[in-house]
Amino acid sequence: LENAVSGERSTVRGRVLVNAGGPWVEQVLAAGSGVNARAKVRLVQGSHIVVRKLYEHDRAYMFQNSDGRIVFVIPYQDDFTLIGTTDRDYHGDPSKVKATREEIEYLCASVSEYLAKPVKPADVVWDYAGVRPLYDDGASEAKAATREYVFELDLPGGAPLLSIYGGKITTHRRLAEEALEKLGPYLKGTKAREGWTGEAPLPGGDMDVSAIPALCAELVRDYPFLAAAHANRLAHAYGTRASRVLGSAKSMSDLGQWFGANLTEAEVKYLMSQEWACTAEDIVWRRSKLGLRLTPQEIATLESWISAHRVSPEPVLAATGGQP
Ligand SMILES: Cc1cc2nc3c(=O)[nH]c(=O)nc-3n(C[C@H](O)[C@H](O)[C@H](O)COP(=O)(O)OP(=O)(O)OC[C@H]3O[C@@H](n4cnc5c(N)ncnc54)[C@H](O)[C@@H]3O)c2cc1C
């Protein structure tokens with residue numbers, strides 16, 4: 001292993017190896033695994049745009065375009081509307097993917113056919129793109145390629161190597177269970193727990209989603225200095241762990257530096273120590289969408305603060321509550 005930040009190298013010995021390289025799954029195989037990839041990955045770009053709130057209600061729309069594709073319009077982050085997505089084959093470096101002008105125009109034109117007021121590229125306040133690493137099933141069009149995940153198990157002579165193609169966030173735990181089932185014969189002596197993830201909450205999710213308003217009320221009662229919008233954001237982002245972010249604070253100033261948009265030093269420290277936040281981008285885009293509300297200057301201030309306060313993250317199991 002090589003730490004990409006410090007350059008530090010270390011060695012880990014394992015009985016099995018899982019290649020979860022996402023869009024880089026083939027490159028991982030090519031980089032000295034001793035396996036000639038049998039399967040192929042099909043990289044399909046998807047781009048989204050965000051505009052100021054288009055309508056007041058909280059329903060989503062799905063529209064079918066004349067080209068047969070589906071485009072959705074979803075209320076987003078209280079004050080915005082999310083429009084997506086596109087499907088086009090991608091051949092470049094996955095880390096460089098960006099929404100193109102053509103995709104932005106396509107999304108605007110698609111939804112404008114249905115909405116009362118047209119959406120124009122100039123209305124876009126943010127856009128983002130990603131690459132789906134789909135299993136190449138030979139489908140002629142990107143939109144028709146399978147969205148199911150596929151495993152390839154190779155036995156190159158050393159540890160068995162399981163490569164993962166495709167997948168969805170919504171099925172990641174089922175995928176992980178199945179991966180372990182496939183590797184079971186090579187993990188003798190390790191007791192796999194069958195089908196346990198369906199009922200196990202993710203960190204902070206040990207509550208019913210309908211209890212969010214009650215959690216907000218509890219936060220405002222326990223931390224009376226919190227604005228309702230602040231409590232609401234923390235409840236949605238951290239669930240029952242919101243009180244860990246706030247700790248024993250008795251006033252706003254106890255939460256430390258204010259970075260704008262209700263983001264405080266206490267939350268930044270929590271994200272750095274518990275959720276592997278290493279950069280401002282991790283915080284304002286990966287772990288929240290506060291980038292929609294913060295100015296470039298505020299984000300730059302946050303970046304400088306993080307660089308000056310880097311901490312070693314706690315071991316991985318800490319954030320999963322000790323669940324392997
Ligand atoms: C546009 C788009 C829309 C989507 N919409 C949905 C949706 O609505 N619902 C849904 O459930 N899913 C959706 N997905 C799918 C979902 O985002 C992916 O399934 C999920 O992120 C895959 O996670 P992963 O960990 O397998 O791969 P990734 O998140 O791609 O992680 C792979 C990781 O491997 C690392 N890596 C690569 N090579 C190496 C190496 N040599 N050494 C160390 N690390 C390496 C990379 O840095 C990366 O962090 C969407 C995806 C896209 C692109």
# chains A, B, ... in the order shown; residues from 1 in each chain; ligands from 1
call {"tool": "residues_near_ligand", "arguments": {"ligand": "ligand 1", "cutoff": "6 Å", "atoms": "only C-alpha atoms and all ligand atoms", "output": "VMD selection string"}}
result
chain A and resid 20 to 24 28 46 to 47 129 to 132 167 to 170
call {"tool": "residues_around", "arguments": {"residues": "Lys182 (chain A)", "least_positions_apart": "5", "cutoff": "12 Å", "atoms": "only C-alpha atoms", "output": "list in words"}}
result
Val16, Leu17, Val18, Val150, Phe151, Glu152, Leu153, Asp154, Pro160, Leu161, Leu162, Ser163, Ile164, Leu175, Ala176, Glu177, Leu187 and Ala192 of chain A
call {"tool": "write_last_selection", "arguments": {"atoms": "N, CA and C atoms", "output": "short mmCIF file (atom, residue, chain, number, x, y, z; two decimals), in the first residue's frame"}}
result
data_model
loop_
_atom_site.label_atom_id
_atom_site.label_comp_id
_atom_site.auth_asym_id
_atom_site.auth_seq_id
_atom_site.Cartn_x
_atom_site.Cartn_y
_atom_site.Cartn_z
N VAL A 16 -7.40 -13.19 0.89
CA VAL A 16 -8.13 -12.91 -0.36
C VAL A 16 -7.92 -11.43 -0.70
N LEU A 17 -8.18 -11.10 -1.97
CA LEU A 17 -8.03 -9.72 -2.39
C LEU A 17 -9.30 -9.32 -3.15
N VAL A 18 -9.86 -8.16 -2.80
CA VAL A 18 -11.05 -7.68 -3.51
C VAL A 18 -10.67 -6.43 -4.31
N VAL A 150 -21.58 -7.39 -11.33
CA VAL A 150 -21.08 -8.69 -11.75
C VAL A 150 -19.74 -8.92 -11.06
N PHE A 151 -19.52 -10.15 -10.59
CA PHE A 151 -18.23 -10.49 -9.97
C PHE A 151 -17.42 -11.36 -10.92
N GLU A 152 -16.12 -11.18 -10.89
CA GLU A 152 -15.22 -12.11 -11.60
C GLU A 152 -14.23 -12.60 -10.56
N LEU A 153 -14.16 -13.91 -10.41
CA LEU A 153 -13.22 -14.47 -9.42
C LEU A 153 -12.05 -15.10 -10.17
N ASP A 154 -10.85 -14.66 -9.86
CA ASP A 154 -9.65 -15.21 -10.49
C ASP A 154 -8.77 -15.86 -9.44
N PRO A 160 -6.88 -15.58 -3.87
CA PRO A 160 -7.95 -15.39 -4.85
C PRO A 160 -8.26 -13.90 -4.99
N LEU A 161 -8.62 -13.50 -6.20
CA LEU A 161 -8.85 -12.08 -6.48
C LEU A 161 -10.27 -11.91 -7.02
N LEU A 162 -11.09 -11.17 -6.29
CA LEU A 162 -12.47 -10.94 -6.70
C LEU A 162 -12.60 -9.52 -7.23
N SER A 163 -12.98 -9.38 -8.51
CA SER A 163 -13.14 -8.05 -9.09
C SER A 163 -14.63 -7.73 -9.21
N ILE A 164 -14.95 -6.48 -8.91
CA ILE A 164 -16.35 -6.05 -8.91
C ILE A 164 -16.60 -5.10 -10.07
N LEU A 175 -24.25 -6.29 -2.05
CA LEU A 175 -23.09 -6.64 -2.88
C LEU A 175 -21.95 -7.17 -2.00
N ALA A 176 -21.72 -6.47 -0.88
CA ALA A 176 -20.63 -6.88 0.01
C ALA A 176 -20.90 -8.27 0.59
N GLU A 177 -22.16 -8.52 0.96
CA GLU A 177 -22.50 -9.85 1.49
C GLU A 177 -22.23 -10.93 0.44
N LEU A 187 -11.99 -18.60 2.89
CA LEU A 187 -11.88 -17.94 4.20
C LEU A 187 -12.26 -18.93 5.30
N ALA A 192 -18.93 -16.38 8.47
CA ALA A 192 -19.66 -15.28 7.81
C ALA A 192 -21.07 -15.23 8.39
#
call {"tool": "select_by_dssp", "arguments": {"residues": "region 188-263 of chain A", "states": "alpha helix (DSSP H)", "output": "ChimeraX atom specification"}}
result
/A:212-222,228-238,242-246
call {"tool": "closest_residue", "arguments": {"among": "A:Gly7, A:Gly239, A:Gly291, A:Pro213", "to": "Phe259 (chain A)", "atoms": "only C-alpha atoms"}}
result
A:Gly291
call {"tool": "residues_around", "arguments": {"residues": "region 231-237 of chain A", "least_positions_apart": "4", "cutoff": "8 Å", "atoms": "only C-alpha atoms", "output": "list in words"}}
result
Ile212, Pro213, Leu215, Cys216, Leu219, Val220, Leu226, Ala227, Ala242 and Ser288 of chain A
call {"tool": "write_last_selection", "arguments": {"atoms": "all heavy atoms", "output": "PDB file, in the first residue's frame"}}
result
ATOM      1  N   ILE A 212     -37.199  12.106  12.272  1.00  0.00           N
ATOM      2  CA  ILE A 212     -36.280  13.244  12.075  1.00  0.00           C
ATOM      3  C   ILE A 212     -36.819  14.525  12.732  1.00  0.00           C
ATOM      4  O   ILE A 212     -36.081  15.206  13.452  1.00  0.00           O
ATOM      5  CB  ILE A 212     -35.983  13.463  10.566  1.00  0.00           C
ATOM      6  CG1 ILE A 212     -35.120  12.324  10.028  1.00  0.00           C
ATOM      7  CG2 ILE A 212     -35.349  14.838  10.328  1.00  0.00           C
ATOM      8  CD1 ILE A 212     -33.636  12.574   9.937  1.00  0.00           C
ATOM      9  N   PRO A 213     -38.124  14.875  12.558  1.00  0.00           N
ATOM     10  CA  PRO A 213     -38.604  16.103  13.216  1.00  0.00           C
ATOM     11  C   PRO A 213     -38.438  16.027  14.741  1.00  0.00           C
ATOM     12  O   PRO A 213     -38.059  17.019  15.373  1.00  0.00           O
ATOM     13  CB  PRO A 213     -40.088  16.162  12.821  1.00  0.00           C
ATOM     14  CG  PRO A 213     -40.170  15.365  11.551  1.00  0.00           C
ATOM     15  CD  PRO A 213     -39.150  14.277  11.692  1.00  0.00           C
ATOM     16  N   LEU A 215     -36.140  14.358  16.317  1.00  0.00           N
ATOM     17  CA  LEU A 215     -34.706  14.512  16.595  1.00  0.00           C
ATOM     18  C   LEU A 215     -34.314  15.995  16.536  1.00  0.00           C
ATOM     19  O   LEU A 215     -33.550  16.479  17.382  1.00  0.00           O
ATOM     20  CB  LEU A 215     -33.885  13.692  15.583  1.00  0.00           C
ATOM     21  CG  LEU A 215     -32.371  13.804  15.688  1.00  0.00           C
ATOM     22  CD1 LEU A 215     -31.840  13.300  17.019  1.00  0.00           C
ATOM     23  CD2 LEU A 215     -31.695  13.031  14.552  1.00  0.00           C
ATOM     24  N   CYS A 216     -34.872  16.719  15.552  1.00  0.00           N
ATOM     25  CA  CYS A 216     -34.583  18.166  15.450  1.00  0.00           C
ATOM     26  C   CYS A 216     -35.054  18.869  16.724  1.00  0.00           C
ATOM     27  O   CYS A 216     -34.327  19.708  17.288  1.00  0.00           O
ATOM     28  CB  CYS A 216     -35.328  18.794  14.273  1.00  0.00           C
ATOM     29  SG  CYS A 216     -34.701  18.273  12.709  1.00  0.00           S
ATOM     30  N   LEU A 219     -32.702  18.253  19.518  1.00  0.00           N
ATOM     31  CA  LEU A 219     -31.442  19.008  19.399  1.00  0.00           C
ATOM     32  C   LEU A 219     -31.641  20.455  19.833  1.00  0.00           C
ATOM     33  O   LEU A 219     -30.822  21.024  20.542  1.00  0.00           O
ATOM     34  CB  LEU A 219     -30.925  18.967  17.948  1.00  0.00           C
ATOM     35  CG  LEU A 219     -30.350  17.625  17.480  1.00  0.00           C
ATOM     36  CD1 LEU A 219     -29.999  17.684  15.993  1.00  0.00           C
ATOM     37  CD2 LEU A 219     -29.109  17.246  18.281  1.00  0.00           C
ATOM     38  N   VAL A 220     -32.789  21.038  19.405  1.00  0.00           N
ATOM     39  CA  VAL A 220     -33.047  22.444  19.766  1.00  0.00           C
ATOM     40  C   VAL A 220     -33.277  22.564  21.279  1.00  0.00           C
ATOM     41  O   VAL A 220     -32.887  23.547  21.907  1.00  0.00           O
ATOM     42  CB  VAL A 220     -34.245  22.993  18.950  1.00  0.00           C
ATOM     43  CG1 VAL A 220     -34.669  24.352  19.455  1.00  0.00           C
ATOM     44  CG2 VAL A 220     -33.895  23.062  17.471  1.00  0.00           C
ATOM     45  N   LEU A 226     -29.027  26.717  19.050  1.00  0.00           N
ATOM     46  CA  LEU A 226     -29.016  26.298  17.639  1.00  0.00           C
ATOM     47  C   LEU A 226     -30.219  26.857  16.891  1.00  0.00           C
ATOM     48  O   LEU A 226     -31.346  26.767  17.381  1.00  0.00           O
ATOM     49  CB  LEU A 226     -29.139  24.780  17.523  1.00  0.00           C
ATOM     50  CG  LEU A 226     -27.930  23.877  17.612  1.00  0.00           C
ATOM     51  CD1 LEU A 226     -28.343  22.474  17.170  1.00  0.00           C
ATOM     52  CD2 LEU A 226     -26.768  24.369  16.772  1.00  0.00           C
ATOM     53  N   ALA A 227     -29.988  27.389  15.679  1.00  0.00           N
ATOM     54  CA  ALA A 227     -31.122  27.812  14.841  1.00  0.00           C
ATOM     55  C   ALA A 227     -31.804  26.547  14.319  1.00  0.00           C
ATOM     56  O   ALA A 227     -31.154  25.507  14.166  1.00  0.00           O
ATOM     57  CB  ALA A 227     -30.608  28.644  13.683  1.00  0.00           C
ATOM     58  N   ALA A 242     -25.794  13.292  15.695  1.00  0.00           N
ATOM     59  CA  ALA A 242     -25.683  14.761  15.661  1.00  0.00           C
ATOM     60  C   ALA A 242     -25.156  15.299  16.984  1.00  0.00           C
ATOM     61  O   ALA A 242     -24.373  16.256  17.006  1.00  0.00           O
ATOM     62  CB  ALA A 242     -27.041  15.370  15.332  1.00  0.00           C
ATOM     63  N   SER A 288     -21.376  16.852   2.331  1.00  0.00           N
ATOM     64  CA  SER A 288     -22.542  17.745   2.402  1.00  0.00           C
ATOM     65  C   SER A 288     -22.628  18.402   1.034  1.00  0.00           C
ATOM     66  O   SER A 288     -21.820  18.107   0.157  1.00  0.00           O
ATOM     67  CB  SER A 288     -22.339  18.824   3.470  1.00  0.00           C
ATOM     68  OG  SER A 288     -21.414  19.794   3.004  1.00  0.00           O
TER      69      SER A 288
END
call {"tool": "residues_around", "arguments": {"residues": "Glu105 (chain A)", "least_positions_apart": "4", "cutoff": "8 Å", "atoms": "only C-alpha atoms", "output": "ChimeraX atom specification"}}
result
/A:101,109,120-121
call {"tool": "write_last_selection", "arguments": {"atoms": "all heavy atoms", "output": "PDB file, in the first residue's frame"}}
result
ATOM      1  N   ARG A 101     -20.762  20.976 -22.090  1.00  0.00           N
ATOM      2  CA  ARG A 101     -21.722  22.004 -22.525  1.00  0.00           C
ATOM      3  C   ARG A 101     -22.930  21.314 -23.199  1.00  0.00           C
ATOM      4  O   ARG A 101     -24.073  21.631 -22.946  1.00  0.00           O
ATOM      5  CB  ARG A 101     -20.969  22.924 -23.505  1.00  0.00           C
ATOM      6  CG  ARG A 101     -21.758  23.988 -24.154  1.00  0.00           C
ATOM      7  CD  ARG A 101     -21.728  25.261 -23.325  1.00  0.00           C
ATOM      8  NE  ARG A 101     -22.908  26.065 -23.638  1.00  0.00           N
ATOM      9  CZ  ARG A 101     -23.408  26.990 -22.853  1.00  0.00           C
ATOM     10  NH1 ARG A 101     -22.866  27.231 -21.691  1.00  0.00           N
ATOM     11  NH2 ARG A 101     -24.457  27.675 -23.200  1.00  0.00           N
ATOM     12  N   ALA A 109     -32.822  21.386 -22.281  1.00  0.00           N
ATOM     13  CA  ALA A 109     -33.834  21.280 -23.345  1.00  0.00           C
ATOM     14  C   ALA A 109     -34.841  20.177 -23.008  1.00  0.00           C
ATOM     15  O   ALA A 109     -36.053  20.344 -23.211  1.00  0.00           O
ATOM     16  CB  ALA A 109     -33.148  20.984 -24.678  1.00  0.00           C
ATOM     17  N   LYS A 120     -32.594  27.290 -18.569  1.00  0.00           N
ATOM     18  CA  LYS A 120     -31.517  27.642 -19.521  1.00  0.00           C
ATOM     19  C   LYS A 120     -30.147  27.343 -18.892  1.00  0.00           C
ATOM     20  O   LYS A 120     -30.014  27.369 -17.663  1.00  0.00           O
ATOM     21  CB  LYS A 120     -31.605  29.124 -19.849  1.00  0.00           C
ATOM     22  CG  LYS A 120     -32.902  29.489 -20.558  1.00  0.00           C
ATOM     23  CD  LYS A 120     -32.804  30.884 -21.128  1.00  0.00           C
ATOM     24  CE  LYS A 120     -33.902  31.811 -20.756  1.00  0.00           C
ATOM     25  NZ  LYS A 120     -34.427  31.879 -19.444  1.00  0.00           N
ATOM     26  N   PRO A 121     -29.133  27.093 -19.738  1.00  0.00           N
ATOM     27  CA  PRO A 121     -27.796  26.829 -19.182  1.00  0.00           C
ATOM     28  C   PRO A 121     -27.340  27.931 -18.220  1.00  0.00           C
ATOM     29  O   PRO A 121     -26.643  27.645 -17.243  1.00  0.00           O
ATOM     30  CB  PRO A 121     -26.906  26.740 -20.431  1.00  0.00           C
ATOM     31  CG  PRO A 121     -27.831  26.237 -21.499  1.00  0.00           C
ATOM     32  CD  PRO A 121     -29.162  26.875 -21.215  1.00  0.00           C
TER      33      PRO A 121
END
call {"tool": "residues_around", "arguments": {"residues": "region 135-143 of chain A", "least_positions_apart": "5", "cutoff": "8 Å", "atoms": "only C-alpha atoms", "output": "list in words"}}
result
Ala39, Lys40, Val41, Arg42, Val44, Arg69, Asp87, Arg88, Asp89, Glu148, Tyr149, Val150, Tyr165 and Gly166 of chain A
call {"tool": "write_last_selection", "arguments": {"atoms": "C-alpha atoms", "output": "JSON list (two decimals), in the first residue's frame"}}
result
[["chain", "number", "residue", "atom", "x", "y", "z"],
["A", 39, "ALA", "CA", -14.47, -9.15, -18.42],
["A", 40, "LYS", "CA", -14.55, -5.62, -19.73],
["A", 41, "VAL", "CA", -15.80, -2.51, -18.05],
["A", 42, "ARG", "CA", -17.93, -0.03, -19.95],
["A", 44, "VAL", "CA", -20.68, 5.49, -18.97],
["A", 69, "ARG", "CA", -34.13, 8.25, -22.12],
["A", 87, "ASP", "CA", -25.79, 8.39, -20.31],
["A", 88, "ARG", "CA", -22.87, 8.52, -22.73],
["A", 89, "ASP", "CA", -19.88, 6.30, -23.29],
["A", 148, "GLU", "CA", -26.52, -5.15, -12.32],
["A", 149, "TYR", "CA", -23.23, -5.81, -10.59],
["A", 150, "VAL", "CA", -21.08, -8.69, -11.75],
["A", 165, "TYR", "CA", -18.00, -4.55, -11.98],
["A", 166, "GLY", "CA", -20.92, -2.14, -11.63]]
call {"tool": "residues_around", "arguments": {"residues": "Ile299 (chain A)", "least_positions_apart": "3", "cutoff": "12 Å", "atoms": "only C-alpha atoms", "output": "list in words"}}
result
Trp258, Phe259, Gly260, Ala261, Leu263, Thr279, Ala280, Glu281, Asp282, Ile283, Val284, Trp285, Leu290, Gly291, Leu292, Arg293, Leu294, Thr295, Pro296, Leu302, Glu303, Ser304, Trp305 and Ile306 of chain A
call {"tool": "write_last_selection", "arguments": {"atoms": "C-alpha atoms", "output": "PDB file, in the first residue's frame"}}
result
ATOM      1  CA  TRP A 258     -17.747  29.717  11.950  1.00  0.00           C
ATOM      2  CA  PHE A 259     -17.051  28.994   8.269  1.00  0.00           C
ATOM      3  CA  GLY A 260     -20.431  30.187   6.925  1.00  0.00           C
ATOM      4  CA  ALA A 261     -23.713  28.354   6.134  1.00  0.00           C
ATOM      5  CA  LEU A 263     -20.652  25.044   9.290  1.00  0.00           C
ATOM      6  CA  THR A 279      -9.907  18.526   2.230  1.00  0.00           C
ATOM      7  CA  ALA A 280     -12.523  21.262   2.067  1.00  0.00           C
ATOM      8  CA  GLU A 281     -13.989  19.457  -0.937  1.00  0.00           C
ATOM      9  CA  ASP A 282     -14.599  16.352   1.176  1.00  0.00           C
ATOM     10  CA  ILE A 283     -16.690  18.485   3.504  1.00  0.00           C
ATOM     11  CA  VAL A 284     -18.515  20.895   1.206  1.00  0.00           C
ATOM     12  CA  TRP A 285     -19.229  18.448  -1.659  1.00  0.00           C
ATOM     13  CA  LEU A 290     -22.696  23.202   1.559  1.00  0.00           C
ATOM     14  CA  GLY A 291     -20.642  24.252  -1.462  1.00  0.00           C
ATOM     15  CA  LEU A 292     -23.943  25.496  -2.906  1.00  0.00           C
ATOM     16  CA  ARG A 293     -24.141  28.074  -0.106  1.00  0.00           C
ATOM     17  CA  LEU A 294     -20.525  28.966   0.711  1.00  0.00           C
ATOM     18  CA  THR A 295     -18.539  31.539  -1.248  1.00  0.00           C
ATOM     19  CA  PRO A 296     -15.190  30.570  -2.876  1.00  0.00           C
ATOM     20  CA  LEU A 302     -11.909  26.265   5.363  1.00  0.00           C
ATOM     21  CA  GLU A 303      -9.151  24.665   3.263  1.00  0.00           C
ATOM     22  CA  SER A 304      -6.472  26.688   5.092  1.00  0.00           C
ATOM     23  CA  TRP A 305      -7.971  25.774   8.455  1.00  0.00           C
ATOM     24  CA  ILE A 306      -7.948  22.054   7.560  1.00  0.00           C
TER      25      ILE A 306
END
call {"tool": "closest_residue", "arguments": {"among": "A:Ala37, A:Ala159, A:Ala200, A:Leu134", "to": "Arg13 (chain A)", "atoms": "only C-alpha atoms"}}
result
A:Ala159
